[in-house]
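J.: Below is upload-v6.csv; it holds CSV, C-alpha atoms.
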```
chain,number,residue,atom,x,y,z
U,48,MET,CA,69.7,-21.4,52.5
U,49,SER,CA,68.9,-18.0,51.0
U,50,GLY,CA,69.7,-17.4,47.4
U,51,ARG,CA,72.1,-14.7,48.4
U,52,LEU,CA,74.2,-17.0,50.6
U,53,LEU,CA,74.1,-19.9,48.2
U,54,ARG,CA,75.5,-17.8,45.4
U,55,LEU,CA,78.0,-16.2,47.8
U,56,VAL,CA,79.3,-19.5,49.1
U,57,CYS,CA,79.4,-21.1,45.7
U,58,THR,CA,81.2,-18.2,44.2
U,59,ALA,CA,83.7,-18.1,47.1
U,60,ALA,CA,84.2,-21.9,46.9
U,61,ILE,CA,84.9,-21.9,43.2
U,62,ALA,CA,87.2,-18.9,43.5
U,63,THR,CA,89.2,-20.5,46.4
U,64,GLY,CA,88.9,-24.1,45.5
U,65,ALA,CA,87.2,-24.8,48.8
U,66,VAL,CA,84.7,-27.7,49.1
U,67,ILE,CA,81.7,-27.4,51.4
U,68,SER,CA,81.3,-30.6,53.5
U,69,PRO,CA,79.5,-31.6,56.7
U,70,ALA,CA,82.7,-31.5,58.7
U,71,PRO,CA,84.2,-28.1,59.4
U,72,GLY,CA,87.5,-27.6,57.6
U,73,PRO,CA,90.4,-25.4,58.7
U,74,ALA,CA,89.9,-21.6,58.2
U,75,PRO,CA,92.0,-19.9,55.5
U,76,ALA,CA,95.2,-18.5,56.8
U,77,ALA,CA,94.2,-14.9,56.0
U,78,ALA,CA,91.0,-15.2,57.9
U,79,ALA,CA,92.5,-17.1,60.8
U,80,ALA,CA,95.0,-14.3,61.3
U,81,GLU,CA,92.2,-12.3,62.9
U,82,PRO,CA,91.5,-13.0,66.6
U,83,GLY,CA,88.8,-15.7,66.9
U,84,ALA,CA,88.5,-16.2,63.1
U,85,SER,CA,87.9,-19.9,62.9
U,86,GLY,CA,85.3,-22.5,61.9
U,87,GLU,CA,84.1,-22.5,65.5
U,88,ARG,CA,83.1,-18.9,65.6
U,89,PRO,CA,79.4,-18.2,66.2
U,90,VAL,CA,77.5,-17.9,62.9
U,91,ALA,CA,76.0,-14.6,64.0
U,92,GLU,CA,79.5,-13.1,64.3
U,93,LEU,CA,80.4,-14.3,60.8
U,94,LEU,CA,77.3,-12.7,59.4
U,95,THR,CA,78.2,-9.5,61.2
U,96,ASP,CA,81.7,-9.6,59.8
U,97,LEU,CA,80.5,-10.2,56.3
U,98,GLN,CA,78.0,-7.3,56.4
U,99,ARG,CA,80.5,-5.0,58.0
U,100,LEU,CA,83.1,-5.7,55.4
U,101,TYR,CA,80.6,-5.3,52.6
U,102,ARG,CA,79.7,-1.9,54.0
U,103,GLU,CA,83.3,-0.9,54.2
U,104,ALA,CA,84.2,-2.2,50.8
U,105,GLU,CA,81.3,-0.6,49.0
U,106,LYS,CA,81.8,2.7,50.9
U,107,ALA,CA,85.5,2.7,49.8
U,108,THR,CA,84.5,1.9,46.3
U,109,GLU,CA,81.9,4.5,45.9
U,110,THR,CA,84.1,7.1,47.6
U,111,TYR,CA,86.6,6.3,44.9
U,112,ASN,CA,83.9,6.4,42.2
U,113,ALA,CA,82.9,9.9,43.4
U,114,THR,CA,86.5,11.0,43.2
U,115,GLU,CA,86.8,9.5,39.7
U,116,GLU,CA,83.8,11.5,38.7
U,117,LYS,CA,85.5,14.7,39.9
U,118,LEU,CA,88.7,13.6,38.1
U,119,ASN,CA,86.8,13.3,34.8
U,120,LYS,CA,85.4,16.8,35.3
U,121,GLN,CA,88.8,18.2,36.2
U,122,ARG,CA,90.4,16.6,33.2
U,123,ALA,CA,87.7,18.1,31.0
U,124,GLU,CA,88.3,21.5,32.6
U,125,VAL,CA,92.1,21.3,32.1
U,126,ALA,CA,91.6,20.3,28.4
U,127,LYS,CA,89.2,23.2,27.9
U,128,LEU,CA,91.6,25.7,29.5
U,129,ASN,CA,94.5,24.3,27.5
U,130,ARG,CA,92.5,24.8,24.2
U,131,ARG,CA,91.5,28.3,25.4
U,132,LEU,CA,95.2,29.1,26.2
U,133,ALA,CA,96.3,27.9,22.7
U,134,ARG,CA,93.7,30.1,21.0
U,135,ALA,CA,94.7,33.1,23.2
U,136,ARG,CA,98.4,32.6,22.3
U,137,LEU,CA,97.5,32.2,18.6
U,138,SER,CA,95.4,35.4,18.6
U,139,LEU,CA,98.2,37.3,20.4
U,140,HIS,CA,100.8,36.1,17.9
U,141,ASP,CA,98.6,37.2,15.0
U,142,SER,CA,97.9,40.6,16.5
U,143,ARG,CA,101.6,41.1,17.3
U,144,SER,CA,102.5,40.2,13.7
U,145,ALA,CA,99.8,42.6,12.4
U,146,ALA,CA,101.1,45.4,14.7
U,147,ALA,CA,104.6,44.8,13.6
U,148,ARG,CA,103.6,45.0,9.9
U,149,LEU,CA,101.8,48.3,10.5
U,150,ALA,CA,104.7,49.7,12.4
U,151,ARG,CA,107.0,48.8,9.5
U,152,GLN,CA,104.7,50.4,7.0
U,153,GLN,CA,104.6,53.6,9.0
U,154,TYR,CA,108.4,53.6,9.4
U,155,GLN,CA,109.0,53.0,5.7
U,156,SER,CA,106.6,55.8,4.8
U,157,SER,CA,108.2,58.2,7.2
U,158,THR,CA,111.7,57.6,5.9
U,159,GLU,CA,110.9,57.9,2.2
U,160,ILE,CA,109.6,61.5,2.4
U,161,SER,CA,108.5,63.8,5.1
U,162,PRO,CA,104.8,64.0,6.0
U,163,TYR,CA,104.9,67.8,5.2
U,164,VAL,CA,106.2,67.2,1.7
U,165,ARG,CA,103.8,64.4,1.0
U,166,LEU,CA,101.0,66.7,2.1
U,167,LEU,CA,102.1,69.4,-0.4
U,168,LEU,CA,102.5,66.9,-3.2
U,169,ALA,CA,99.3,65.1,-2.7
U,170,ARG,CA,96.5,65.7,-5.2
U,171,ASP,CA,94.0,65.7,-2.4
U,172,PRO,CA,95.5,67.1,0.8
U,173,GLN,CA,92.4,66.3,2.8
U,174,HIS,CA,92.5,62.7,1.7
U,175,ALA,CA,96.1,62.5,2.8
U,176,LEU,CA,95.3,63.9,6.2
U,177,ASP,CA,92.4,61.5,6.6
U,178,GLN,CA,94.6,58.6,5.6
U,179,ALA,CA,97.3,59.5,8.1
U,180,HIS,CA,94.6,59.8,10.8
U,181,VAL,CA,93.2,56.3,9.9
U,182,ILE,CA,96.7,54.8,10.1
U,183,ARG,CA,97.3,56.4,13.5
U,184,GLN,CA,94.0,55.0,14.8
U,185,LEU,CA,94.7,51.6,13.4
U,186,SER,CA,98.0,51.5,15.1
U,187,LYS,CA,96.5,52.6,18.4
U,188,ARG,CA,93.8,50.0,18.2
U,189,ARG,CA,96.3,47.3,17.3
U,190,ALA,CA,98.4,48.3,20.3
U,191,GLU,CA,95.4,48.1,22.5
U,192,THR,CA,94.5,44.7,21.1
U,193,VAL,CA,97.9,43.4,21.8
U,194,HIS,CA,97.8,44.7,25.3
U,195,ARG,CA,94.4,43.2,25.9
U,196,LEU,CA,95.4,39.8,24.4
U,197,THR,CA,98.6,39.8,26.5
U,198,GLY,CA,96.5,40.2,29.6
U,199,SER,CA,94.1,37.5,28.5
U,200,GLU,CA,96.9,35.1,27.7
U,201,LYS,CA,98.5,35.6,31.1
U,202,LYS,CA,95.1,35.1,32.9
U,203,THR,CA,94.3,32.0,30.9
U,204,ASP,CA,97.8,30.6,31.6
U,205,LYS,CA,97.3,31.2,35.3
U,206,LEU,CA,93.9,29.4,35.2
U,207,ALA,CA,95.4,26.5,33.3
U,208,ARG,CA,98.3,26.1,35.7
U,209,ALA,CA,95.9,26.2,38.7
U,210,ALA,CA,93.6,23.6,37.0
U,211,ARG,CA,96.6,21.3,36.3
U,212,LYS,CA,97.6,21.6,39.9
U,213,ALA,CA,94.1,20.7,41.1
U,214,LEU,CA,94.1,17.7,38.8
U,215,ASP,CA,97.4,16.5,40.3
U,216,GLY,CA,95.8,16.7,43.7
U,217,GLN,CA,92.8,14.8,42.6
U,218,LEU,CA,95.0,12.1,41.0
U,219,THR,CA,96.9,11.7,44.3
U,220,LEU,CA,93.6,11.5,46.2
U,221,ALA,CA,92.2,8.9,43.8
U,222,GLU,CA,95.3,6.8,44.0
U,223,ARG,CA,95.1,6.7,47.8
U,224,GLN,CA,91.4,5.9,47.8
U,225,LYS,CA,92.0,3.1,45.2
U,226,LYS,CA,94.5,1.5,47.6
U,227,ASP,CA,92.0,1.8,50.5
U,228,ARG,CA,89.3,0.2,48.3
U,229,ASP,CA,91.6,-2.7,47.3
U,230,ALA,CA,92.7,-3.3,50.9
U,231,VAL,CA,89.1,-3.6,52.1
U,232,ARG,CA,88.1,-5.8,49.2
U,233,LYS,CA,91.0,-8.2,50.1
U,234,ARG,CA,89.7,-8.4,53.7
U,235,LEU,CA,86.2,-9.1,52.3
U,236,GLY,CA,87.7,-11.9,50.2
U,237,ASP,CA,89.1,-13.4,53.4
U,238,VAL,CA,85.7,-13.6,55.0
U,239,GLU,CA,84.1,-15.1,51.9
U,240,GLU,CA,86.8,-17.8,52.0
U,241,LEU,CA,85.8,-18.5,55.6
U,242,LEU,CA,82.2,-18.7,54.6
U,243,ALA,CA,83.1,-21.3,52.0
U,244,SER,CA,84.5,-23.5,54.7
U,245,LEU,CA,81.3,-23.5,56.8
U,246,THR,CA,79.3,-26.7,57.4
U,247,ALA,CA,75.8,-27.2,56.0
U,248,ASP,CA,74.3,-26.6,59.4
U,249,GLN,CA,76.2,-23.3,59.9
U,250,LEU,CA,75.1,-22.1,56.5
U,251,ALA,CA,71.5,-23.0,57.3
U,252,GLU,CA,71.7,-21.0,60.5
U,253,LEU,CA,73.2,-18.1,58.7
U,254,ALA,CA,70.4,-18.1,56.2
U,255,GLU,CA,67.8,-18.1,59.0
U,256,LEU,CA,69.4,-15.2,60.7
U,257,GLU,CA,69.3,-13.2,57.4
U,258,LYS,CA,65.6,-14.1,56.8
U,259,ALA,CA,64.6,-13.1,60.3
U,260,SER,CA,66.4,-9.7,60.0
U,261,GLU,CA,64.8,-8.9,56.6
U,262,ALA,CA,61.3,-10.0,57.7
U,263,GLU,CA,61.5,-7.8,60.8
U,264,ALA,CA,62.5,-4.8,58.8
U,265,ARG,CA,59.7,-5.2,56.3
U,266,LYS,CA,57.2,-5.7,59.1
U,267,GLU,CA,58.2,-2.5,60.9
U,268,LEU,CA,58.0,-0.4,57.7
U,269,VAL,CA,54.5,-1.7,56.8
U,270,ALA,CA,53.3,-1.2,60.4
U,271,SER,CA,54.5,2.4,60.4
U,272,GLY,CA,52.2,3.3,57.5
U,273,ALA,CA,54.9,5.3,55.9
U,274,LEU,CA,54.3,3.8,52.5
U,275,GLY,CA,50.6,4.9,52.3
U,276,SER,CA,47.9,3.1,50.5
U,277,ARG,CA,47.4,5.1,47.3
U,278,ALA,CA,49.1,3.9,44.1
U,279,ARG,CA,50.5,6.7,41.9
U,280,PRO,CA,51.4,6.6,38.2
U,281,PRO,CA,54.9,7.6,37.2
U,282,SER,CA,55.9,10.5,35.0
U,283,ARG,CA,56.9,9.9,31.4
U,284,LYS,CA,60.6,9.9,32.2
U,285,GLY,CA,60.0,7.9,35.4
U,286,GLU,CA,58.3,5.1,33.4
U,287,ALA,CA,61.2,5.1,30.9
U,288,ALA,CA,63.8,4.9,33.6
U,289,LEU,CA,61.9,2.0,35.4
U,290,ARG,CA,61.5,0.0,32.2
U,291,TYR,CA,65.2,0.4,31.5
U,292,ALA,CA,65.9,-1.0,35.0
U,293,VAL,CA,63.5,-3.9,34.6
U,294,GLU,CA,65.3,-4.8,31.3
U,295,GLN,CA,68.5,-5.2,33.3
U,296,ILE,CA,67.1,-7.8,35.7
U,297,GLY,CA,69.4,-10.8,35.9
U,298,LYS,CA,72.6,-8.9,35.0
U,299,PRO,CA,75.4,-9.2,37.6
U,300,TYR,CA,76.4,-6.7,40.2
U,301,GLU,CA,79.9,-5.3,39.8
U,302,TRP,CA,81.6,-2.6,41.9
U,303,GLY,CA,81.8,0.7,39.9
U,304,ALA,CA,80.0,-0.6,36.9
U,305,GLU,CA,77.5,1.5,34.8
U,306,GLY,CA,76.4,-1.2,32.3
U,307,PRO,CA,75.5,-2.3,29.9
U,308,TYR,CA,76.5,-5.8,31.1
U,309,THR,CA,77.1,-5.2,34.8
U,310,TYR,CA,76.0,-2.6,37.4
U,311,ASP,CA,76.5,-1.4,40.9
U,312,CYS,CA,73.5,0.1,42.6
U,313,SER,CA,74.0,3.7,41.7
U,314,GLY,CA,75.3,2.8,38.3
U,315,LEU,CA,71.9,1.2,37.6
U,316,THR,CA,69.9,4.2,38.8
U,317,SER,CA,72.0,6.8,37.1
U,318,GLU,CA,72.0,4.9,33.8
U,319,ALA,CA,68.3,4.3,34.0
U,320,TRP,CA,67.5,8.0,34.3
U,321,LYS,CA,70.1,8.9,31.7
U,322,TYR,CA,68.3,6.6,29.3
U,323,ALA,CA,65.1,8.4,30.2
U,324,GLY,CA,66.7,11.7,29.2
U,325,GLN,CA,67.4,13.0,32.7
U,326,THR,CA,70.9,13.3,34.1
U,327,VAL,CA,71.3,12.5,37.7
U,328,PRO,CA,74.5,12.3,39.9
U,329,ARG,CA,76.5,9.2,39.7
U,330,THR,CA,76.7,8.0,43.3
U,331,SER,CA,73.9,7.3,45.8
U,332,GLN,CA,75.1,9.9,48.3
U,333,GLU,CA,75.1,12.6,45.6
U,334,GLN,CA,71.7,11.4,44.5
U,335,TRP,CA,70.4,11.8,48.0
U,336,ASP,CA,72.1,15.2,48.5
U,337,GLN,CA,71.2,16.8,45.2
U,338,LEU,CA,67.8,15.5,44.1
U,339,ASP,CA,64.4,16.6,45.4
U,340,ARG,CA,63.2,14.5,48.4
U,341,VAL,CA,59.7,13.0,48.5
U,342,PRO,CA,57.9,11.3,51.4
U,343,LEU,CA,57.6,7.5,51.1
U,344,SER,CA,53.8,8.0,51.2
U,345,GLU,CA,54.1,9.9,47.9
U,346,LEU,CA,56.4,7.5,46.0
U,347,ARG,CA,55.7,6.9,42.4
U,348,PRO,CA,57.4,4.4,40.1
U,349,GLY,CA,60.8,5.5,38.9
U,350,ASP,CA,61.6,7.4,42.2
U,351,LEU,CA,64.8,6.5,43.9
U,352,VAL,CA,64.7,4.9,47.3
U,353,VAL,CA,67.9,5.5,49.3
U,354,TYR,CA,69.1,3.2,52.1
U,355,PHE,CA,71.3,3.2,55.2
U,356,PRO,CA,72.2,6.2,57.4
U,357,GLU,CA,75.0,7.4,55.1
U,358,ALA,CA,72.9,7.0,51.9
U,359,THR,CA,75.0,4.1,50.7
U,360,HIS,CA,72.6,2.1,48.7
U,361,VAL,CA,69.9,3.1,46.2
U,362,ALA,CA,67.1,1.4,44.2
U,363,LEU,CA,64.3,2.4,41.7
U,364,TYR,CA,60.8,2.2,43.1
U,365,LEU,CA,58.7,-0.3,41.1
U,366,GLY,CA,55.4,0.2,42.9
U,367,ASN,CA,53.3,-1.9,45.2
U,368,GLY,CA,56.0,-1.8,47.9
U,369,SER,CA,58.8,-3.2,45.7
U,370,VAL,CA,62.0,-1.9,44.1
U,371,VAL,CA,64.5,-2.8,41.4
U,372,HIS,CA,68.1,-2.7,42.4
U,373,ALA,CA,71.6,-4.1,42.1
U,374,PRO,CA,71.9,-5.5,45.6
U,375,ARG,CA,75.6,-6.4,46.1
U,376,PRO,CA,78.6,-8.4,44.8
U,377,GLY,CA,77.6,-12.0,43.9
U,378,ALA,CA,74.0,-11.0,43.2
U,379,THR,CA,72.2,-9.8,40.1
U,380,VAL,CA,69.8,-6.9,39.4
U,381,LYS,CA,66.4,-8.0,40.8
U,382,VAL,CA,63.1,-7.0,42.4
U,383,SER,CA,63.0,-6.8,46.2
U,384,PRO,CA,60.7,-5.6,48.9
U,385,LEU,CA,61.2,-1.9,49.5
U,386,ALA,CA,61.9,-2.6,53.2
U,387,ALA,CA,64.5,-5.3,52.6
U,388,ASN,CA,67.1,-2.8,53.7
U,389,PRO,CA,67.0,0.1,56.2
U,390,VAL,CA,65.3,3.0,54.3
U,391,LEU,CA,66.7,6.4,54.6
U,392,GLY,CA,64.2,8.2,52.3
U,393,ALA,CA,63.4,8.8,48.7
U,394,VAL,CA,64.2,11.3,46.0
U,395,ARG,CA,62.6,12.3,42.7
U,396,PRO,CA,64.9,13.1,39.7
U,397,ASP,CA,62.0,14.9,37.8
U,398,PRO,CA,59.9,16.7,40.4
U,399,ALA,CA,58.2,18.8,37.7
U,400,GLY,CA,57.2,15.7,35.7
U,401,GLU,CA,53.5,15.2,35.3
U,402,PRO,CA,52.0,11.8,36.2
U,403,LEU,CA,50.9,9.7,33.3
U,404,ARG,CA,47.1,9.5,32.8
U,405,GLN,CA,47.4,5.8,31.8
U,406,TYR,CA,50.1,3.5,33.1
U,407,THR,CA,50.7,-0.2,32.8
U,408,PRO,CA,53.5,-1.6,35.0
U,409,PRO,CA,56.4,-3.3,33.1
U,410,LYS,CA,56.1,-7.1,32.9
U,411,LEU,CA,58.7,-8.8,35.1
U,412,PRO,CA,60.9,-11.5,33.6
U,413,PRO,CA,60.9,-15.0,35.2
U,414,GLY,CA,63.0,-15.2,38.3
U,415,ALA,CA,62.9,-11.4,38.9
U,416,THR,CA,62.6,-11.9,42.6
U,417,ASP,CA,65.1,-14.7,43.0
U,418,GLY,CA,68.2,-14.3,45.0
U,419,SER,CA,69.5,-11.8,47.5
U,420,ASP,CA,67.3,-8.9,48.6
U,421,GLU,CA,69.9,-7.4,50.9
U,422,GLY,CA,72.0,-4.6,49.6
U,423,TYR,CA,75.0,-3.5,51.5
U,424,GLU,CA,75.8,-0.2,53.1
U,425,GLY,CA,78.8,1.4,51.4
U,426,GLU,CA,77.8,2.9,48.1
U,427,SER,CA,78.2,6.7,48.2
```
In C-alpha cells, how does this file's structure come out?
T.:
Amino acid sequence: MSGRLLRLVCTAAIATGAVISPAPGPAPAAAAAEPGASGERPVAELLTDLQRLYREAEKATETYNATEEKLNKQRAEVAKLNRRLARARLSLHDSRSAAARLARQQYQSSTEISPYVRLLLARDPQHALDQAHVIRQLSKRRAETVHRLTGSEKKTDKLARAARKALDGQLTLAERQKKDRDAVRKRLGDVEELLASLTADQLAELAELEKASEAEARKELVASGALGSRARPPSRKGEAALRYAVEQIGKPYEWGAEGPYTYDCSGLTSEAWKYAGQTVPRTSQEQWDQLDRVPLSELRPGDLVVYFPEATHVALYLGNGSVVHAPRPGATVKVSPLAANPVLGAVRPDPAGEPLRQYTPPKLPPGATDGSDEGYEGES
C-alpha cells in the first residue's frame, strides 16, 4: 500500500472509529446515501471519487483563501481611509476655528473705532494700511483653506463609505465561499470513511492503481524531453527559499495554513519566498497568473512548478527532476518527482536574480521522500 493511502486510511479509521478487517463492513450512512456507494463498488471508482472530492475541496478552500486575501486588503484600505477622514475632519475643525477667531478679531476692531479714525491716529499710517492688508489676506486665505478642506473631507468621506460598502460585499462573498468549502469537505470526509471500511485486498488494489498512474505520468514527462539535461544553479533568493522549504519537510499539510507548523501547497511556496525576501501572491493560481513564466527546460532550484489545468497545485523545484511540496491533507511536506502530478508549467519569482556561481544543494532529512507524492487539484 502506498504511504499516502496508508496514512489516509489510518487517519480516517481513527477519526471515525472504523476498523480495517479482511471482511468488508457496511458503508457509512453518509457515503451510502450516494447511488452505488458501498463496499462492493469497484476500487477504481472509489479512487476517482476520492481524487475528485479532493480537487473540489481544495479548489473551494483556495477560492476562499483568495477572497480572504482580498478581504484583508479591503480591511486595510477601509482603515486607512477612516484615518484619513479623521485627519481631514480634524484639520477642517481647526481651520474653521482659526477662521472664526480671525473674523471675531476683525469685527471687534471694526466696532471699537472706524478704520478712517484709526488711520488718522496711527503713528505710522503706512504700517496701519499694511497691517489691514495682511489681515484681509489672512482672512481670504483662511476662507479658501476652509473651502478646500471641506471639499477634501466630503471626498474622503465618499471614498470611505464606498470602501466600507465594498468590504461588506467581500464579507458576504467570503461567508458564502466558506459554506461551499465546508460542504465539500464534509463530502470528502464521507469518502474517507468509506475508504476506512475497505478490505486489505481492496486497499492493495487501490495502491497499485495510484502507483501505475504516477509512473505513467513520470514516464511521459521524461520521454518528452521537456526538462532538458542541463543543471542550473539558483539565484541567491531562490536558494534561500528552497532551503526554507526543505527545513519544513515532515510538517503536516493543512488547508489554508501558512506555517510555521502546518502548510498547504501555496502557503509553503509563498512563505518560502517571503523568507527569502521576495513577496509572491498567496495562492497557486495567482502565482501562475502574476509571476514570470519559464520553460521547464530552464528550471532552476527555487522556481515554482504549477500543476493541473486550473493551476491548482504548486511546488518548489529542488533540482534533478524533483520538487518540494505540501501534497494534500493527510500528508506532510516532502520531496517528490516533478512529474508526480500533471504539470501545467513553471514560474520564477525573481526573474532578474543572477544565478549563483557556486551552489551546494540542501541536505535532505531522513524520510524526505516518504509518503504521498500526489497533490490534489483544487488549490487556487
J.: Which residues are close to range 369-385 of chain U, i.e. within 6 Å by all atoms listed in the file, leaving aside same-chain residues fewer than 3 positions away? Reply as a PyMOL selection string.
T.: chain U and resi 55+296-300+311-312+362-366+415-416+420-422
J.: Given the selection you just returned, output its residues as a file containing C-alpha atoms, formatted as a PDB file, in the coordinates of the input.
T.:
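Output (out29.pdb):
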```
ATOM      1  CA  LEU U  55      78.000 -16.200  47.800  1.00  0.00           C
ATOM      2  CA  ILE U 296      67.100  -7.800  35.700  1.00  0.00           C
ATOM      3  CA  GLY U 297      69.400 -10.800  35.900  1.00  0.00           C
ATOM      4  CA  LYS U 298      72.600  -8.900  35.000  1.00  0.00           C
ATOM      5  CA  PRO U 299      75.400  -9.200  37.600  1.00  0.00           C
ATOM      6  CA  TYR U 300      76.400  -6.700  40.200  1.00  0.00           C
ATOM      7  CA  ASP U 311      76.500  -1.400  40.900  1.00  0.00           C
ATOM      8  CA  CYS U 312      73.500   0.100  42.600  1.00  0.00           C
ATOM      9  CA  ALA U 362      67.100   1.400  44.200  1.00  0.00           C
ATOM     10  CA  LEU U 363      64.300   2.400  41.700  1.00  0.00           C
ATOM     11  CA  TYR U 364      60.800   2.200  43.100  1.00  0.00           C
ATOM     12  CA  LEU U 365      58.700  -0.300  41.100  1.00  0.00           C
ATOM     13  CA  GLY U 366      55.400   0.200  42.900  1.00  0.00           C
ATOM     14  CA  ALA U 415      62.900 -11.400  38.900  1.00  0.00           C
ATOM     15  CA  THR U 416      62.600 -11.900  42.600  1.00  0.00           C
ATOM     16  CA  ASP U 420      67.300  -8.900  48.600  1.00  0.00           C
ATOM     17  CA  GLU U 421      69.900  -7.400  50.900  1.00  0.00           C
ATOM     18  CA  GLY U 422      72.000  -4.600  49.600  1.00  0.00           C
TER      19      GLY U 422
END
```
J.: Sorted by chain and rising residue number, which residues of range 205-307 of chain U lie within 10 Å of range 89-93 of chain U, and what are their closest atom pairs and distances in Å to one decimal, counting all atoms listed in the file, as CSV?
T.:
```
residue,atom,partner,partner_atom,distance
U:Val238,CA,U:Leu93,CA,7.9
U:Glu239,CA,U:Leu93,CA,9.7
U:Leu241,CA,U:Leu93,CA,8.6
U:Leu242,CA,U:Leu93,CA,7.8
U:Leu245,CA,U:Val90,CA,9.1
U:Asp248,CA,U:Val90,CA,9.9
U:Gln249,CA,U:Val90,CA,6.3
U:Leu250,CA,U:Val90,CA,8.0
U:Ala251,CA,U:Val90,CA,9.7
U:Glu252,CA,U:Val90,CA,7.0
U:Leu253,CA,U:Val90,CA,6.0
U:Ala254,CA,U:Val90,CA,9.8
U:Leu256,CA,U:Ala91,CA,7.4
U:Glu257,CA,U:Ala91,CA,9.5
```
J.: Could those residues be written to a file, using C-alpha atoms, as a PDB file, in the coordinates of the input?
T.:
```
ATOM      1  CA  VAL U 238      85.700 -13.600  55.000  1.00  0.00           C
ATOM      2  CA  GLU U 239      84.100 -15.100  51.900  1.00  0.00           C
ATOM      3  CA  LEU U 241      85.800 -18.500  55.600  1.00  0.00           C
ATOM      4  CA  LEU U 242      82.200 -18.700  54.600  1.00  0.00           C
ATOM      5  CA  LEU U 245      81.300 -23.500  56.800  1.00  0.00           C
ATOM      6  CA  ASP U 248      74.300 -26.600  59.400  1.00  0.00           C
ATOM      7  CA  GLN U 249      76.200 -23.300  59.900  1.00  0.00           C
ATOM      8  CA  LEU U 250      75.100 -22.100  56.500  1.00  0.00           C
ATOM      9  CA  ALA U 251      71.500 -23.000  57.300  1.00  0.00           C
ATOM     10  CA  GLU U 252      71.700 -21.000  60.500  1.00  0.00           C
ATOM     11  CA  LEU U 253      73.200 -18.100  58.700  1.00  0.00           C
ATOM     12  CA  ALA U 254      70.400 -18.100  56.200  1.00  0.00           C
ATOM     13  CA  LEU U 256      69.400 -15.200  60.700  1.00  0.00           C
ATOM     14  CA  GLU U 257      69.300 -13.200  57.400  1.00  0.00           C
TER      15      GLU U 257
END
```
J.: Go ahead and compute the interatomic distance for CA of Ala358 in chain U and CA of Trp320 in chain U, in Å to one decimal.
T.: 18.4 Å
J.: Kindly give the distance, in Å, that separates CA of Gln121 in chain U and CA of Arg228 in chain U, rounded to a single decimal.
T.: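 Distance reported for this atom pair: 21.7 Å.
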J.: Just give me the gap between CA of Gly236 in chain U and CA of Lys106 in chain U in Å, one decimal is fine.
T.: 15.8 Å
J.: Between U:Gly303, U:Ala230, U:Arg290, U:Ala207, which has the minimum distance to Glu115 in chain U (counting all atoms listed in the file)?
T.: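 Smallest separation from Glu115 in chain U among the options: U:Gly303.
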J.: In terms of the shortest atom-to-atom distance over all atoms listed in the file, which of U:Arg130, U:Lys321, U:Arg395, U:Arg329 is closest to Pro342 in chain U?
T.: U:Arg395
J.: Which residue gives the smallest distance to Pro328 in chain U among U:Ala386, U:Ala113, U:Ala304, U:Ala393, with all atoms listed in the file counted?
T.: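 For Pro328 in chain U, the nearest of the given residues is U:Ala113.
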J.: Using all atoms listed in the file, which residues sit within 9 Å of Lys284 in chain U once same-chain residues fewer than 5 positions away are excluded, as an mmCIF file with C-alpha atoms, in the frame of the given file?
T.:
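Output below, filename around_21.cif:
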```cif
data_model
loop_
_atom_site.group_PDB
_atom_site.id
_atom_site.type_symbol
_atom_site.label_atom_id
_atom_site.label_comp_id
_atom_site.auth_asym_id
_atom_site.auth_seq_id
_atom_site.Cartn_x
_atom_site.Cartn_y
_atom_site.Cartn_z
ATOM 1 C CA LEU U 289 61.900 2.000 35.400
ATOM 2 C CA TRP U 320 67.500 8.000 34.300
ATOM 3 C CA TYR U 322 68.300 6.600 29.300
ATOM 4 C CA ALA U 323 65.100 8.400 30.200
ATOM 5 C CA GLY U 324 66.700 11.700 29.200
ATOM 6 C CA GLN U 325 67.400 13.000 32.700
ATOM 7 C CA GLY U 349 60.800 5.500 38.900
ATOM 8 C CA ASP U 397 62.000 14.900 37.800
ATOM 9 C CA GLY U 400 57.200 15.700 35.700
#
```
J.: Pick the closest to Thr108 in chain U from U:Arg122, U:Lys226, U:Arg208, U:Lys127: which is it, counting all atoms listed in the file?
T.: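 The shortest atom-to-atom distance to Thr108 in chain U comes from U:Lys226.
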J.: Which residue, U:Tyr111, U:Ala213, U:Leu315, U:Leu274, has the smallest gap to Val293 in chain U when you use only C-alpha atoms?
T.: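 Using only C-alpha atoms, Val293 in chain U sits closest to U:Leu315.
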J.: For Ala104 in chain U, which of U:Gln334, U:Thr359, U:Ser344, U:Asn367 is the closest residue, counting only C-alpha atoms?
T.: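 Among the listed residues, U:Thr359 lies closest to Ala104 in chain U.
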